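Asks: Right, I'll just put the structure down here and ask away after.
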Amino acid sequence: MERVLQYDGSFDGLLTTIFTIYQHKIKSPIIQAPAQQQSSIFGTAHEVITEPEKAHRVLKRMNELSTPQDMREFYKAFLSEVIGIENTLFQYCQQTFEAGKAPSGDYGNSIILKISQAAKMVGREKHRMEAFIRFHLIEDDLYYANCEPDFNVLPLIASHFKNRYADQKWVIYDLKRDFGISYDLHEVVEVTINFKDPRSQRGIVNTGGLKESRFRESENNYRDLWNQYFKSTNIESRKNMKLHLQHVPRRYWKYLSEKVA
Amino acid sequence: MNYERIKEKLEILADAAKYDVSCSSRGSKRQNKNKGLGDSSGMGICHSYTEDGRCVSLLKILLTNVCIFDCAYCVTRKSNDIKRAGFTVQEVVDLTINFYRRNYIEGLFLSSGIFTSPDATMERLIRVAKKLRLEENFNGYIHLKSIPGASDELMQEAGLYADRLSVNIEIPTKEGLKLLAPDKDHKDFIQPMKAVKNAIDLYKSEKEIIKSTPIYAPAGQSTQMIVGATGESDRDIMYSANFFYNKFQMKRVYYSGYIPVADDSRLPAIGTEVPMMRENRLYQTDWLLRFYGFDVREILNEHHQNLDMDIDPKLSWALRNLDQFPIDINRAEKRMLARIPGVGMKSVGKILSARRYRKLGWDHLKAIGISMNRSKYFITCSSREFESRDLTPIQIKSQILLSGSSKYSKNFTNQLSLF
């Protein structure tokens with residue numbers, strides 16, 4: 001009989017679930033994240049309570065059997081939030097435990113291929129966020145940026161921004177998942193902001209004239225200079241919008257300073 | 001800061017710098033230090049793309065577009081009646097820092113018209129880089145343009161603050177250069193390249209002995225050639241590129257399809273289409289030399305002086321060398337896998353890794369992401385069928401062209417399009 005296991009959507013939660021499956025020798029488990037939870041007509045739902053200690057035991061064993069590269073892919077695939085990815089990740093663990101070694105690079109194996117493809121999508125968006133994050137100086141010394149990535153990539157980009165902007169305070173906020181990362185010149189921590197505005201009007205969007213925005217004058221000036229640069233560096237006789245859109249998909253435009261309408 | 005004036009300068013001096021196609025910002029080793037600003041030890045990042053589809057990773061500007069030279073192909077040439085402007089050192093520093101802090105750019109690409117002498121110009125470029133590094137503690141990427149004719153001493157100094165140095169050879173042949181840039185001498189381009197190469201070698205060998213030796217131009221040097229302004233063949237261009245790769249250990253050679261900017265009887269008329277397809281094929285060839293282990297003479301030679309426009313250079317080479325195929329996916333060495341049309345280096349890595357576990361068939365290859373459309377005529381694997389049985393090169397080519405939907409195919413059809 002199939003057993004539906006519901007977890008809280010965290011990485012530790014997933015690992016605890018995997019521990020639970022082994023502990024109770026559950027035969028055909030289906031793992032569900034909170035967002036996709038619905039009662040299955042086949043099985044009974046069981047809620048898994050996250051226990052860091054159990055999670056760490058699974059993680060430790062996986063680390064022993066895998067290369068760091070394998071584990072990075074595993075974590076990235078998890079962040080894809082693709083429906084059903086938890087079950088693929090569980091099968092991956094199963095294969096690893098059975099063989100006593102992670103099947104690194106076995107691209108002829110559909111589980112590996114799925115994980116590597118999910119990881120690739122996440123990796124691409126991680127890179128895009130490193131590129132498309134636009135900071136705005138909103139207080140004397142605080143730079144703020146918001147985004148709405150398709151995948152949950154903030155955990156992956158924290159160290160990049162920490163290394164790069166070691167001497168400025170910054171916040172990067174994921175409006176879709178309603179949490180952000182914040183750097184105070186010492187370390188990066190997770191934060192949530194209590195916005196006054198309703199959900200769809202939060203954050204900094206690039207619509208409307210620059211002058212009407214809430215920024216101080218110098219901030220508007222730099223945004224304006226950047227826009228000027230973006231225009232001047234274009235070569236009209238080589239215009240190729242298809243290529244442009246391929247690189248800068250429209251869904252990212254509303255937060256890109258150079259795309260102010 | 002007089003913001004309106006800066007904006008006007010930016011309009012003029014970014015516009016004038018845009019014909020330099022170099023955009024790389026990777027390959028440096030400059031880590032963030034002392035909690036300063038910036039880090040250029042990882043991959044370069046394209047922060048945006050222009051509407052023509054080119055990467056925007058660096059603030060690419062001229063210090064000034066005032067120039068005492070009169071090179072026919074250059075928009076900044078002295079005889080061109082255009083608005084002139086110049087940034088101060090401090091203005092460039094402020095723009096770079098403020099753009100960088102907002103995550104607009106990876107760093108600065110600074111070039112200049114030659115306003116008095118090559119040395120005076122070079123000296124001013126160095127001052128910008130020096131100020132960024134020493135006063136602003138900036139660890140972002142800096143690419144300085146070497147000014148043709150600048151002294152060896154200044155080139156020595158430039159490399160201590162820049163990540164990359166480059167001087168554009170512009171015209172691939174000496175004769176072409178004489179025709180279009182009568183004020184410039186071929187050796188004025190070569191000399192700074194030589195100085196930089198020697199300095200790189202020197203600092204590298206010193207660093208092996210003394211750890212505290214400063215890094216010198218860690219991302220190396222590059223150059224650029226204009227394509228299609230003079231009548232050179234693809235062979236001329238790529239042999240020249242190959243010379244720079246080997247002789248000066250260039251990190252990159254860029255190819256820039258000539259964009260008519262002047263009415264000059266020596267040049268293609270204004271309005272002539274930019275040779276984008278040709279440019280694309282040259283980059284593909286460049287890739288084959290740098291990453292796929294091809295020798296330039298295999299691709300271009302006396303019998304084959306120009307690249308095919310309708311198919312990519314690897315496919316073209318394969319069709320001329322059918323005797324080397326089919327290649328067995330499950331046995332061939334890396335070097336040969338890399339020669340299969342439609343198989344990129346990433347796929348080569350995946351094949352090598354996946355075949356340690358099992359023999360691969362068509363389905364595996366498809367799932368891995370190989371372009372079967374082109375590759376299937378050139379490989380055998382553990383599936384039984386083999387597609388190229390007795391096909392001639394012409395037959396293979398036409399089948400590939402029929403099945404493919406190249407974005408350029410409209411340029412090659414014989415069909416009249418009336419509507």
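By convention here, the chains of the structure tokens are called A, B, ... in the order presented, each chain's residues are numbered starting at 1, and ligands are numbered starting at 1 in the order presented.
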What residues in chain A have any atom no more than 6 Å from chain B when counting only C-alpha atoms, and can you write them as a ChimeraX atom specification?

Replies: /A:105-108,131-132,134-135,164-167,225,232-234,238-241,243-244

Asks: Please produce a file of the residues just selected, as a PDB file, in the first residue's frame, where the atoms kept are C-alpha atoms.

Replies:
```pdb
ATOM      1  CA  GLY A 105      27.723  10.667 -13.595  1.00  0.00           C
ATOM      2  CA  ASP A 106      25.600   7.666 -14.570  1.00  0.00           C
ATOM      3  CA  TYR A 107      23.678   9.674 -17.142  1.00  0.00           C
ATOM      4  CA  GLY A 108      22.170   6.547 -18.662  1.00  0.00           C
ATOM      5  CA  ALA A 131      23.492  38.825 -12.916  1.00  0.00           C
ATOM      6  CA  PHE A 132      20.074  40.447 -12.650  1.00  0.00           C
ATOM      7  CA  ARG A 134      19.766  45.290  -8.984  1.00  0.00           C
ATOM      8  CA  PHE A 135      20.607  47.047  -5.766  1.00  0.00           C
ATOM      9  CA  ARG A 164      31.611  40.605  -3.670  1.00  0.00           C
ATOM     10  CA  TYR A 165      29.998  43.264  -1.505  1.00  0.00           C
ATOM     11  CA  ALA A 166      32.023  42.754   1.635  1.00  0.00           C
ATOM     12  CA  ASP A 167      31.986  46.456   2.495  1.00  0.00           C
ATOM     13  CA  LEU A 225      22.972  57.035 -15.996  1.00  0.00           C
ATOM     14  CA  SER A 232      24.367  54.055 -25.878  1.00  0.00           C
ATOM     15  CA  THR A 233      26.179  50.764 -25.918  1.00  0.00           C
ATOM     16  CA  ASN A 234      23.629  49.170 -28.231  1.00  0.00           C
ATOM     17  CA  ARG A 238      22.870  44.682 -35.349  1.00  0.00           C
ATOM     18  CA  LYS A 239      19.552  44.637 -33.554  1.00  0.00           C
ATOM     19  CA  ASN A 240      18.408  41.096 -32.752  1.00  0.00           C
ATOM     20  CA  MET A 241      15.482  41.018 -30.345  1.00  0.00           C
ATOM     21  CA  LEU A 243      18.624  36.861 -29.133  1.00  0.00           C
ATOM     22  CA  HIS A 244      18.020  39.624 -26.618  1.00  0.00           C
TER      23      HIS A 244
END
```

Asks: As a PyMOL selection string, please: every residue in stretch 149-223 of chain A that a backbone DSSP assignment puts in helix (DSSP H, G or I).

Replies: chain A and resi 154-164+199-201+210-212+217-223

Asks: Write a file of the just-selected residues containing N, CA and C atoms, as a CSV table (one decimal), in the first residue's frame.

Replies:
```
chain,number,residue,atom,x,y,z
A,154,LEU,N,18.0,31.7,-3.5
A,154,LEU,CA,18.7,32.6,-2.5
A,154,LEU,C,19.7,31.9,-1.7
A,155,PRO,N,19.4,30.7,-1.2
A,155,PRO,CA,20.5,30.0,-0.4
A,155,PRO,C,21.7,29.8,-1.2
A,156,LEU,N,21.6,29.7,-2.5
A,156,LEU,CA,22.8,29.5,-3.3
A,156,LEU,C,23.6,30.7,-3.7
A,157,ILE,N,23.0,31.9,-3.6
A,157,ILE,CA,23.7,33.1,-4.1
A,157,ILE,C,24.3,33.9,-2.9
A,158,ALA,N,24.0,33.5,-1.7
A,158,ALA,CA,24.4,34.3,-0.5
A,158,ALA,C,25.9,34.5,-0.5
A,159,SER,N,26.7,33.4,-0.7
A,159,SER,CA,28.1,33.6,-0.5
A,159,SER,C,28.7,34.4,-1.7
A,160,HIS,N,28.1,34.3,-2.8
A,160,HIS,CA,28.6,35.2,-4.0
A,160,HIS,C,28.5,36.6,-3.6
A,161,PHE,N,27.3,37.0,-3.1
A,161,PHE,CA,27.2,38.5,-2.8
A,161,PHE,C,28.0,38.9,-1.5
A,162,LYS,N,28.1,38.0,-0.6
A,162,LYS,CA,28.9,38.3,0.5
A,162,LYS,C,30.4,38.5,0.2
A,163,ASN,N,30.9,37.7,-0.7
A,163,ASN,CA,32.3,37.9,-1.2
A,163,ASN,C,32.5,39.2,-1.9
A,164,ARG,N,31.5,39.5,-2.7
A,164,ARG,CA,31.6,40.6,-3.7
A,164,ARG,C,31.4,41.9,-3.0
A,199,ARG,N,0.4,42.2,-1.1
A,199,ARG,CA,1.4,41.4,-1.7
A,199,ARG,C,1.8,41.8,-3.1
A,200,SER,N,0.9,42.1,-4.0
A,200,SER,CA,1.3,42.4,-5.4
A,200,SER,C,1.9,43.7,-5.6
A,201,GLN,N,1.9,44.6,-4.6
A,201,GLN,CA,2.5,45.9,-4.7
A,201,GLN,C,3.8,46.1,-4.0
A,210,LEU,N,10.9,57.7,-13.7
A,210,LEU,CA,11.9,57.6,-12.6
A,210,LEU,C,11.7,58.7,-11.5
A,211,LYS,N,11.3,59.8,-12.0
A,211,LYS,CA,11.2,61.0,-11.0
A,211,LYS,C,10.1,60.8,-10.0
A,212,GLU,N,9.1,59.9,-10.4
A,212,GLU,CA,8.0,59.7,-9.4
A,212,GLU,C,8.3,58.7,-8.4
A,217,GLU,N,17.4,61.7,-4.8
A,217,GLU,CA,17.8,62.1,-6.1
A,217,GLU,C,19.0,61.4,-6.7
A,218,SER,N,20.0,61.2,-5.8
A,218,SER,CA,21.3,60.6,-6.3
A,218,SER,C,21.0,59.2,-6.9
A,219,GLU,N,20.0,58.5,-6.2
A,219,GLU,CA,19.7,57.2,-6.6
A,219,GLU,C,19.1,57.2,-8.0
A,220,ASN,N,18.1,58.1,-8.2
A,220,ASN,CA,17.5,58.2,-9.5
A,220,ASN,C,18.6,58.6,-10.6
A,221,ASN,N,19.5,59.4,-10.2
A,221,ASN,CA,20.6,59.8,-11.2
A,221,ASN,C,21.4,58.6,-11.6
A,222,TYR,N,21.8,57.7,-10.7
A,222,TYR,CA,22.6,56.6,-11.1
A,222,TYR,C,21.7,55.6,-11.9
A,223,ARG,N,20.5,55.4,-11.6
A,223,ARG,CA,19.6,54.6,-12.4
A,223,ARG,C,19.5,55.2,-13.8
```

Asks: I'd like the neighbourhood of A:Arg251 as a ChimeraX atom specification, where a residue qualifies if any of its atoms comes within 10 Å (using only C-alpha atoms), though same-chain residues fewer than 2 positions away should be ignored.

Replies: /A:148-150,245,248-249,253-255

Asks: Can you pull out the residues contacting stretch 86-100 of chain A? Cut-off 10 Å, using only C-alpha atoms, and skip same-chain residues under 2 positions away; I want them as number ranges by chain.

Replies: A: 9, 11, 14-15, 17-18, 21-22, 29-33, 58-59, 61-62, 64-66, 74-75, 77-78, 81-84, 102-104, 110-112, 114-115

Asks: Those selected residues, please, written with N, CA, C and O atoms and delivered as a compact mmCIF listing (two decimals), in the first residue's frame.

Replies:
```txt
# COMPACT_ATOMS: atom_id res chain seq x y z
N GLY A 9 8.67 21.03 3.81
CA GLY A 9 9.25 21.73 2.67
C GLY A 9 10.70 22.13 2.86
O GLY A 9 11.34 22.62 1.93
N PHE A 11 14.82 21.39 3.71
CA PHE A 11 15.77 20.34 3.34
C PHE A 11 15.91 19.33 4.48
O PHE A 11 15.87 18.12 4.25
N LEU A 14 12.96 17.03 4.47
CA LEU A 14 13.05 15.94 3.49
C LEU A 14 13.95 14.82 4.01
O LEU A 14 13.61 13.64 3.93
N LEU A 15 15.08 15.21 4.58
CA LEU A 15 16.02 14.21 5.08
C LEU A 15 15.40 13.43 6.25
O LEU A 15 15.59 12.21 6.36
N THR A 17 12.28 12.81 6.58
CA THR A 17 11.31 11.92 5.94
C THR A 17 11.98 10.65 5.43
O THR A 17 11.48 9.54 5.60
N ILE A 18 13.14 10.86 4.81
CA ILE A 18 13.88 9.70 4.29
C ILE A 18 14.30 8.78 5.45
O ILE A 18 14.18 7.56 5.37
N ILE A 21 11.27 6.80 6.51
CA ILE A 21 10.94 5.71 5.59
C ILE A 21 11.75 4.46 5.92
O ILE A 21 11.24 3.35 5.96
N TYR A 22 13.07 4.68 6.19
CA TYR A 22 13.91 3.53 6.53
C TYR A 22 13.57 2.97 7.91
O TYR A 22 13.51 1.76 8.11
N PRO A 29 6.57 4.71 -0.54
CA PRO A 29 6.28 6.04 -0.02
C PRO A 29 6.07 7.07 -1.12
O PRO A 29 6.65 6.96 -2.21
N ILE A 30 5.20 8.03 -0.86
CA ILE A 30 5.08 9.20 -1.72
C ILE A 30 5.33 10.41 -0.83
O ILE A 30 4.63 10.62 0.16
N ILE A 31 6.37 11.19 -1.18
CA ILE A 31 6.71 12.34 -0.34
C ILE A 31 6.10 13.60 -0.94
O ILE A 31 6.21 13.84 -2.15
N GLN A 32 5.42 14.38 -0.11
CA GLN A 32 4.80 15.61 -0.61
C GLN A 32 5.22 16.83 0.20
O GLN A 32 5.28 16.78 1.42
N ALA A 33 5.48 17.92 -0.53
CA ALA A 33 5.77 19.20 0.11
C ALA A 33 4.46 19.89 0.43
O ALA A 33 3.42 19.54 -0.13
N VAL A 58 21.17 11.20 8.08
CA VAL A 58 21.02 10.85 6.66
C VAL A 58 22.06 11.61 5.84
O VAL A 58 22.75 11.04 4.98
N LEU A 59 22.18 12.89 6.14
CA LEU A 59 23.11 13.73 5.39
C LEU A 59 24.55 13.22 5.53
O LEU A 59 25.30 13.16 4.56
N ARG A 61 25.60 10.20 6.18
CA ARG A 61 25.80 8.97 5.41
C ARG A 61 25.91 9.27 3.91
O ARG A 61 26.77 8.72 3.23
N MET A 62 25.05 10.16 3.42
CA MET A 62 25.09 10.52 2.00
C MET A 62 26.44 11.17 1.67
O MET A 62 27.02 10.90 0.62
N GLU A 64 29.24 10.62 3.05
CA GLU A 64 30.29 9.59 3.03
C GLU A 64 30.33 8.84 1.70
O GLU A 64 31.37 8.41 1.25
N LEU A 65 29.14 8.68 1.10
CA LEU A 65 29.05 7.85 -0.10
C LEU A 65 29.12 8.65 -1.40
O LEU A 65 29.08 8.10 -2.49
N SER A 66 29.18 10.00 -1.29
CA SER A 66 29.09 10.82 -2.49
C SER A 66 30.28 11.77 -2.59
O SER A 66 30.95 12.04 -1.60
N PHE A 74 22.49 17.36 -5.69
CA PHE A 74 21.37 16.85 -4.90
C PHE A 74 20.62 18.02 -4.26
O PHE A 74 19.40 18.15 -4.35
N TYR A 75 21.38 18.93 -3.65
CA TYR A 75 20.78 20.08 -2.97
C TYR A 75 20.13 21.03 -3.98
O TYR A 75 19.02 21.52 -3.77
N ALA A 77 18.92 20.27 -6.89
CA ALA A 77 17.70 19.64 -7.41
C ALA A 77 16.56 19.84 -6.41
O ALA A 77 15.43 20.12 -6.78
N PHE A 78 16.90 19.71 -5.13
CA PHE A 78 15.89 19.93 -4.09
C PHE A 78 15.31 21.35 -4.18
O PHE A 78 14.10 21.56 -4.11
N GLU A 81 12.18 22.73 -6.45
CA GLU A 81 10.77 22.68 -6.07
C GLU A 81 9.90 22.06 -7.16
O GLU A 81 8.69 22.28 -7.21
N VAL A 82 10.52 21.34 -8.08
CA VAL A 82 9.77 20.65 -9.12
C VAL A 82 8.87 19.61 -8.45
O VAL A 82 9.30 18.92 -7.52
N ILE A 83 7.64 19.53 -8.89
CA ILE A 83 6.70 18.59 -8.27
C ILE A 83 7.21 17.16 -8.42
O ILE A 83 7.56 16.73 -9.53
N GLY A 84 7.31 16.47 -7.34
CA GLY A 84 7.76 15.08 -7.39
C GLY A 84 9.26 14.90 -7.22
O GLY A 84 9.75 13.77 -7.16
N ALA A 102 27.49 6.57 -4.37
CA ALA A 102 26.59 7.36 -5.23
C ALA A 102 26.89 7.07 -6.70
O ALA A 102 28.05 6.94 -7.06
N PRO A 103 25.86 6.94 -7.51
CA PRO A 103 26.08 6.66 -8.94
C PRO A 103 26.49 7.91 -9.71
O PRO A 103 25.79 8.34 -10.62
N SER A 104 27.63 8.49 -9.34
CA SER A 104 28.08 9.74 -9.96
C SER A 104 28.17 9.65 -11.48
O SER A 104 28.84 8.76 -11.99
N SER A 110 17.91 7.04 -15.36
CA SER A 110 16.93 8.12 -15.44
C SER A 110 16.86 8.97 -14.17
O SER A 110 16.59 10.17 -14.22
N ILE A 111 17.15 8.36 -13.02
CA ILE A 111 17.14 9.13 -11.77
C ILE A 111 18.24 10.20 -11.78
O ILE A 111 18.01 11.37 -11.48
N ILE A 112 19.43 9.75 -12.17
CA ILE A 112 20.57 10.68 -12.23
C ILE A 112 20.29 11.79 -13.24
O ILE A 112 20.57 12.96 -13.00
N LYS A 114 17.43 12.95 -14.25
CA LYS A 114 16.41 13.88 -13.74
C LYS A 114 17.03 14.87 -12.75
O LYS A 114 16.76 16.07 -12.80
N ILE A 115 17.84 14.34 -11.85
CA ILE A 115 18.46 15.21 -10.85
C ILE A 115 19.42 16.19 -11.51
O ILE A 115 19.43 17.38 -11.21
```

Asks: Atom CA of B:Ile400 to atom CA of B:Arg278: how many Å, to one decimal?

Replies: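 Going from atom CA of B:Ile400 over to atom CA of B:Arg278, I get 20.0 Å.
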
Asks: Quick one: of A:Ala145, A:Val153, A:Val188, A:Ile193, who's nearest to A:Arg124, counting only C-alpha atoms?

Replies: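 Between A:Ala145, A:Val153, A:Val188, A:Ile193, the residue approaching A:Arg124 most closely is A:Val153.
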
Asks: What is the distance between atom CA of B:Trp362 and atom CA of B:Cys381, in Å to one decimal?

Replies: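 Separation of atom CA of B:Trp362 and atom CA of B:Cys381: 7.0 Å.
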
Asks: What are the DSSP strand (DSSP E or B) residues of stretch 38-225 of chain A, as a PyMOL selection string?

Replies: chain A and resi 44-47+136-137+142-147+165+169-174+179-183+188-191
